[in-house]
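Inspection log for the structure reproduced underneath, given as C-alpha cells.
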Amino acid sequence: MSSRVASRAVSLASFAVRQHASTTATAPDLPSEIFKRSKHNKLGLSKVLDDVTMRSGEHDMRVFGTGTLAALTSKSAYISFAASHYHFYSELENRLDEAHRADTPSGEVWGKFASELRRAHRLERDLEDLLGTSIGAHPPSPATSEYVAAIADAAERERGGPPLLLAHFYTRYLADLFGGSMLGWPTRRALGLADVPAFYTHDDASINDDRFEYVERVYAAINAAARGADDADVAAVAEEAKIAFRCNAGVYREKGRGSSHLAVLGGARVMWGYAKERVWGAREQRDLFGRLVKRRDPVTG
C-alpha cells in the first residue's frame with residue numbers, strides 16, 4: 001500500500017467516523033439509546049441483571065471490544081473466535097431446549113425467542129461456507145471449555161432450583177441484540193469476506209424493523225419468568241450472571257485477544273477495508289456499520 005493511498009484511506013476513515021457519530025448519535029436503535037429508553041430494564045429481574053453486569057462498574061466492558069477487534073487481525077484469528085462461540089452457544093441452546101421441554105421458567109423465555117435468537121447453526125454455517133473450515137477442526141479451547149462447563153452446571157442446578165439459565169440467556173442474547181448486530185460489516189471488511197457473517201444477522205423482521213421493541217419484549221419476558229421468585233432465587237440468578245460474564249470475558253481474552261496492540265491492528269483492518277470501498281467504489285455506499293447510505297450511479301459513478 002503506497003503512502004499516498006494509505007494517507008487517503010486514513011483521511012476517509014476519519015471522516016467516516018465523524019459522519020457516523022454525527023448522524024447516528026441519537027438513533028433509536030443504538031445500544032445506548034435502547035438501554036436508556038427501556039422501561040422493563042428498570043424493574044424486576046431485568047434491572048437486577050443490568051445492575052450487576054452493566055451499572056455496577058464491577059465488570060470491564062472494554063474486554064469485549066478489545067477481544068472482538070483483536071479477532072479481526074486475520075482470518076485464522078477470527079476462525080478461532082467463531083469456533084469458540086459455536087461451542088458455548090451450542091451448549092447453551094441445547095440446555096435451553098431441554099429447559100423448554102421441561103417447562104421451566106428459563107425454558108418459557110427461550111420458547112418465546114428461540115427461533116429468532118439461535119446462533120449455533122449460523123456460526124457453523126459461517127465456518128463452513130464463509131471461512132472454509134469445519135467445527136470438527138476446532139475443538140473447544142480451555143476458556144471455552146470452562147464456559148461450556150459453567151452452562152452445564154447451571155442447567156443441572158436449575159433442576160428444582162432457581163432459573164439460572166436465564167443468567168446465561170441474558171448475558172449472551174441481549175449482547176447480540178444490543179451491539180452484536182453492528183459488527184457484521186466491520187468483520188466482512190476487515191477480513192475481506194464475501195458476505196457478512198450470518199452470526200451477526202437476524203432474519204426476523206420484528207428485530208430488524210424495531211429492535212427497541214424486541215429488546216423490551218425480552219426484558220419483559222425475563223421479568224415475567226421471575227415473577228414470584230423469592231429474594232434468594234433472584235440473588236442466585238444475579239450471581240450466575242457474574243459467572244456468565246466472567247466466562248465470556250475469559251473467551252474474549254484468550255489467545256492474545258486481550259492485547260490492545262492486536263485490537264488496534266484489527267481496528268486498522270476494519271478502517272482500511274472501509275476506506276477501500278470509498279476510494280475504489282462499491283455499488284452500494286454504506287456507513288461504517290453497514291447502513292445503506294446511497295447506491296452508486298453505474299454511469300456517473
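In the C-alpha cells, the first chain shown is A, the next is B, and so on; residue numbers restart at 1 for each chain, and ligands run from 1 in the order shown.
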
For His202 of chain A, please output as a list in words all residues within 12 Å (counting only C-alpha atoms; exclusion window: fewer than 2 positions along the same chain).
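Surrounding residues, per the criterion: Phe113, Ala114, Ser115, Glu116, Leu117, Arg118, Arg119, Arg122, Tyr173, Asp176, Leu177, Gly180, Ser181, Met182, Gly184, Val196, Pro197, Ala198, Phe199, Tyr200, Asp204, Ala205, Ser206, Ile207, Asn208, Asp209, Arg211 and Tyr214 of chain A.
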
Which parts of segment 14-191 of chain A does DSSP call alpha helix (DSSP H) when run on the backbone here, written out as JSON, numbers by chain?
{"A": [14, 15, 16, 17, 18, 19, 20, 21, 22, 23, 24, 31, 32, 33, 34, 35, 36, 37, 44, 45, 46, 47, 48, 49, 50, 62, 63, 64, 65, 66, 67, 68, 69, 70, 75, 76, 77, 78, 79, 80, 81, 82, 83, 84, 85, 86, 87, 88, 89, 90, 91, 92, 93, 94, 95, 96, 97, 98, 99, 100, 101, 105, 106, 107, 108, 109, 110, 111, 112, 113, 114, 115, 116, 117, 120, 121, 122, 123, 124, 125, 142, 143, 144, 145, 146, 147, 148, 149, 150, 151, 152, 153, 154, 155, 156, 157, 158, 165, 166, 167, 168, 169, 170, 171, 172, 173, 174, 175, 176, 177, 178, 184, 185, 186, 187, 188, 189, 190, 191]}

Written selection (C-alpha atoms) as a tab-separated table (two decimals), in the first residue's frame:
chain	number	residue	atom	x	y	z
A	14	SER	CA	-11.53	9.53	10.00
A	15	PHE	CA	-14.24	11.29	8.02
A	16	ALA	CA	-16.44	8.20	8.21
A	17	VAL	CA	-16.15	8.02	11.98
A	18	ARG	CA	-17.06	11.70	12.34
A	19	GLN	CA	-20.00	11.36	9.97
A	20	HIS	CA	-21.27	8.23	11.68
A	21	ALA	CA	-21.05	9.86	15.09
A	22	SER	CA	-22.87	12.99	13.93
A	23	THR	CA	-25.69	11.21	12.09
A	24	THR	CA	-26.41	8.36	14.50
A	31	PRO	CA	-27.41	0.28	22.18
A	32	SER	CA	-27.09	3.30	24.48
A	33	GLU	CA	-30.48	4.63	23.38
A	34	ILE	CA	-32.20	1.27	23.79
A	35	PHE	CA	-30.69	0.89	27.25
A	36	LYS	CA	-31.82	4.37	28.33
A	37	ARG	CA	-35.31	4.23	26.82
A	44	GLY	CA	-37.73	-6.84	38.27
A	45	LEU	CA	-35.03	-9.37	37.46
A	46	SER	CA	-34.01	-7.42	34.34
A	47	LYS	CA	-32.99	-4.47	36.50
A	48	VAL	CA	-31.06	-6.75	38.85
A	49	LEU	CA	-29.17	-8.32	35.94
A	50	ASP	CA	-28.42	-4.97	34.31
A	62	ARG	CA	-13.92	-2.93	27.26
A	63	VAL	CA	-12.69	-6.53	27.19
A	64	PHE	CA	-15.39	-7.37	24.63
A	65	GLY	CA	-14.49	-4.56	22.27
A	66	THR	CA	-10.80	-5.34	22.56
A	67	GLY	CA	-11.33	-9.07	22.03
A	68	THR	CA	-13.60	-8.56	19.05
A	69	LEU	CA	-11.18	-6.22	17.28
A	70	ALA	CA	-8.20	-8.46	18.08
A	75	LYS	CA	-8.94	-14.93	9.11
A	76	SER	CA	-7.35	-17.63	11.30
A	77	ALA	CA	-7.83	-15.45	14.39
A	78	TYR	CA	-11.48	-14.95	13.54
A	79	ILE	CA	-11.98	-18.67	12.87
A	80	SER	CA	-10.75	-19.43	16.39
A	81	PHE	CA	-13.05	-16.73	17.77
A	82	ALA	CA	-16.09	-18.02	15.85
A	83	ALA	CA	-15.40	-21.64	16.80
A	84	SER	CA	-15.33	-20.73	20.50
A	85	HIS	CA	-18.68	-19.02	20.10
A	86	TYR	CA	-20.12	-22.05	18.34
A	87	HIS	CA	-19.16	-24.35	21.21
A	88	PHE	CA	-20.70	-22.31	24.01
A	89	TYR	CA	-23.78	-21.32	22.02
A	90	SER	CA	-24.36	-24.96	21.10
A	91	GLU	CA	-24.22	-25.98	24.75
A	92	LEU	CA	-26.44	-23.11	25.85
A	93	GLU	CA	-29.05	-23.73	23.18
A	94	ASN	CA	-29.18	-27.46	23.84
A	95	ARG	CA	-29.66	-26.80	27.56
A	96	LEU	CA	-32.33	-24.18	26.90
A	97	ASP	CA	-34.13	-26.60	24.59
A	98	GLU	CA	-34.15	-29.13	27.44
A	99	ALA	CA	-35.47	-26.46	29.80
A	100	HIS	CA	-38.22	-25.61	27.33
A	101	ARG	CA	-39.29	-29.26	27.13
A	105	PRO	CA	-39.06	-20.50	33.66
A	106	SER	CA	-35.85	-20.36	31.61
A	107	GLY	CA	-37.41	-22.64	29.02
A	108	GLU	CA	-40.53	-20.47	28.93
A	109	VAL	CA	-38.46	-17.43	27.96
A	110	TRP	CA	-36.44	-19.41	25.43
A	111	GLY	CA	-39.58	-20.73	23.79
A	112	LYS	CA	-40.70	-17.19	23.00
A	113	PHE	CA	-37.50	-16.16	21.23
A	114	ALA	CA	-35.56	-19.28	20.21
A	115	SER	CA	-36.45	-19.18	16.53
A	116	GLU	CA	-35.04	-15.68	16.11
A	117	LEU	CA	-32.10	-15.76	18.51
A	120	ALA	CA	-25.03	-22.01	16.83
A	121	HIS	CA	-26.31	-23.03	13.41
A	122	ARG	CA	-25.33	-19.63	12.00
A	123	LEU	CA	-21.81	-19.95	13.36
A	124	GLU	CA	-21.50	-23.43	11.89
A	125	ARG	CA	-22.64	-22.07	8.53
A	142	PRO	CA	-9.57	-24.05	27.68
A	143	ALA	CA	-11.59	-20.86	28.29
A	144	THR	CA	-14.38	-22.11	26.05
A	145	SER	CA	-14.44	-25.46	27.89
A	146	GLU	CA	-14.74	-23.59	31.19
A	147	TYR	CA	-17.70	-21.63	29.84
A	148	VAL	CA	-19.40	-24.75	28.48
A	149	ALA	CA	-18.94	-26.45	31.86
A	150	ALA	CA	-20.45	-23.43	33.65
A	151	ILE	CA	-23.55	-23.59	31.42
A	152	ALA	CA	-23.92	-27.33	32.04
A	153	ASP	CA	-23.53	-26.79	35.78
A	154	ALA	CA	-26.17	-24.04	35.79
A	155	ALA	CA	-28.58	-26.35	33.94
A	156	GLU	CA	-28.08	-29.11	36.49
A	157	ARG	CA	-28.52	-26.76	39.45
A	158	GLU	CA	-31.64	-25.29	37.86
A	165	LEU	CA	-30.01	-20.43	32.72
A	166	LEU	CA	-31.79	-17.08	32.48
A	167	ALA	CA	-28.48	-15.50	33.50
A	168	HIS	CA	-26.67	-17.10	30.58
A	169	PHE	CA	-29.54	-16.30	28.19
A	170	TYR	CA	-29.45	-12.68	29.31
A	171	THR	CA	-25.67	-12.35	29.06
A	172	ARG	CA	-25.37	-13.67	25.50
A	173	TYR	CA	-28.55	-12.85	23.62
A	174	LEU	CA	-29.09	-9.33	24.89
A	175	ALA	CA	-25.48	-8.60	23.97
A	176	ASP	CA	-26.28	-9.83	20.45
A	177	LEU	CA	-29.36	-7.63	20.27
A	178	PHE	CA	-27.71	-4.55	21.73
A	184	GLY	CA	-21.14	-7.77	10.71
A	185	TRP	CA	-19.93	-5.24	8.17
A	186	PRO	CA	-16.74	-4.33	10.07
A	187	THR	CA	-15.92	-8.06	10.20
A	188	ARG	CA	-16.57	-8.52	6.49
A	189	ARG	CA	-14.37	-5.54	5.60
A	190	ALA	CA	-11.51	-6.42	7.93
A	191	LEU	CA	-11.22	-9.97	6.63

Mind pulling up the distance from atom CA of Lys42 of chain A to atom CA of Ile243 of chain A?
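Straight-line distance from atom CA of Ile243 of chain A to atom CA of Lys42 of chain A works out to 22.1 Å.
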
So, with only C-alpha atoms as the atoms that count, which of A:Leu193, A:Asp129, A:Thr104, A:Gly273 lies closest to Ala226 of chain A?
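When distances to Ala226 of chain A are compared using only C-alpha atoms, the smallest one comes from A:Thr104.
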
Go through segment 157-295 of chain A and collect every residue that DSSP, computed from the backbone, puts in strand (DSSP E or B); the answer should be as a list in words.
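Those in segment 157-295 of chain A that DSSP calls strand (DSSP E or B) are Glu284, Gln285, Arg286, Leu292, Val293, Lys294 and Arg295 of chain A.
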
Students should find that atom CA of Glu239 of chain A and atom CA of Val215 of chain A are spaced 22.4 Å
